[in-house]
Amino acid sequence: PEGLPAAGPGPVDVEDVDAAAMGKFRESTQVMRGDLEADELLRGDWQNVGGREWTVAHAKLLYLVYFYAQASSHLDEDDSWLRHAHMVVFIHEAVNSGILAYSMVPSSMSVTVGGTTSKVWVMTAHTALAAIYEMCSEGLINCIRMVTEDFAQAPAYQASIKGMDLVNKMPEELKMQVSQILHGPFGFDDEALEVLVQGREFVLTTPGGFVRRSNICDIGHVPFITSPYIPFCLRHSQTFLTDHSGRSYESALWESDVEDLRGEAIAVGNVTVLMSEWVPLGANTIFSITEKLGANTFPHTHEHKGVAAVPFLEGGRGGVR
């Protein structure tokens, strides 16, 4: 190939290859767990709760929820809740600010405005949401499912009493890192950010007048070339379908907005994949159905059984109160 000497690139040091591979593996593992190299300085005995050691990323997510929503310790106090969509926006801001190291991918999310629920495409850190659900199962975070005017499920979260005990043990440096992204910029740094939904976009505001559009809806672009395919048994004529395989080279000419830390493992060509689903099988489909039906996904969060259906009321600092 052009640019290489005629004798080839020379001998390859296997140890160097193994070191590079292990470095890439550690980097991708940290992204999956949400850990940063600087988080090593925050580790300590405070992470051990109930016989389990929670990661620093878990603690940051818990403090994010705690900042906006806390369980009441007395019956005469009001509970505060953080709506799911607002929490996803704050997690996105934390990842963009370098506080969390989760990877984000485009996915659709339900958003309720004025009693009407619609779907919007956002950049979501699914591993971060899995960590939230994990803390719900262990009782560090409470989850409640509300019902909107059009009968859609609207989850909301709050730090439980058990979770607040862990927050009290967290180092102040950790709390300060998360608090910085939950407050406005200079001039508004003493005001907490709130999330407003405007159309199909999310806007971060403060009571003092700061306004900034979140780029969570900028899902980026992935270069690809597709061609229509219909099996012969479903066609009503012998007309050939349009074939765009001759334009496949164009994918290499476009720039992808997707950040990928993983190396290429295998390359294939001329592949035909047919996917169909006639009955609701598979974990993702069943989970989606149970969410729509309002089933309790976190049975250990509350002492009572079942799910409470409550009116959907907006209020509080970007959440539900």
# chains A, B, ... in the order shown; residues from 1 in each chain; ligands from 1
$ closest_atom_pairs --of "stretch 150-184 of chain A" --to "stretch 77-94 of chain A" --cutoff "6 Å" --atoms "only C-alpha atoms" --output "Markdown table"
| residue | atom | partner | partner_atom | distance |
| --- | --- | --- | --- | --- |
| A:Pro155 | CA | A:His84 | CA | 5.6 |
| A:Ala156 | CA | A:Arg83 | CA | 4.3 |
| A:Tyr157 | CA | A:Leu82 | CA | 5.1 |
| A:Gln158 | CA | A:Trp81 | CA | 5.1 |
$ closest_atom_pairs --of "stretch 110-192 of chain A" --to "stretch 55-60 of chain A" --cutoff "9 Å" --atoms "only C-alpha atoms" --output "tab-separated table"
residue	atom	partner	partner_atom	distance
A:Ala128	CA	A:His58	CA	8.3
A:Ala131	CA	A:His58	CA	6.4
A:Ile132	CA	A:His58	CA	7.7
A:Met135	CA	A:His58	CA	8.0
A:Leu166	CA	A:Ala59	CA	8.2
A:Val167	CA	A:Ala59	CA	7.6
A:Met170	CA	A:Ala59	CA	7.7
A:Leu174	CA	A:Lys60	CA	7.0
A:Lys175	CA	A:Lys60	CA	7.5
A:Gln177	CA	A:Lys60	CA	8.6
A:Val178	CA	A:Lys60	CA	6.6
$ select_by_dssp --residues "stretch 166-273 of chain A" --states "helix (DSSP H, G or I)" --output "PyMOL selection string"
chain A and resi 166-169+172-181+215-217+232-234+245-253
$ closest_residue --among "A:Gln180, A:Gly98, A:Thr206, A:Glu173" --to "A:Ala192" --atoms "only C-alpha atoms"
A:Thr206
$ select_by_dssp --residues "stretch 99-234 of chain A" --states "strand (DSSP E)" --output "ChimeraX atom specification"
/A:105-113,116-124,141-147,153-159,194-198,201-205,211-213
$ closest_residue --among "A:Phe188, A:Phe287, A:Tyr249, A:Trp54" --to "A:Val211" --atoms "only C-alpha atoms"
A:Phe188
$ atom_distance --atom1 "atom CA of A:Thr285" --atom2 "atom CA of A:Ser110"
16.1 Å
$ residues_around --residues "stretch 216-221 of chain A" --least-positions-apart "6" --cutoff "9 Å" --atoms "only C-alpha atoms" --output "count of residues only"
19
$ residues_around --residues "stretch 241-243 of chain A" --least-positions-apart "2" --cutoff "10 Å" --atoms "only C-alpha atoms" --output "MDAnalysis selection string"
chainID A and resid 226:230 238:239 245:247
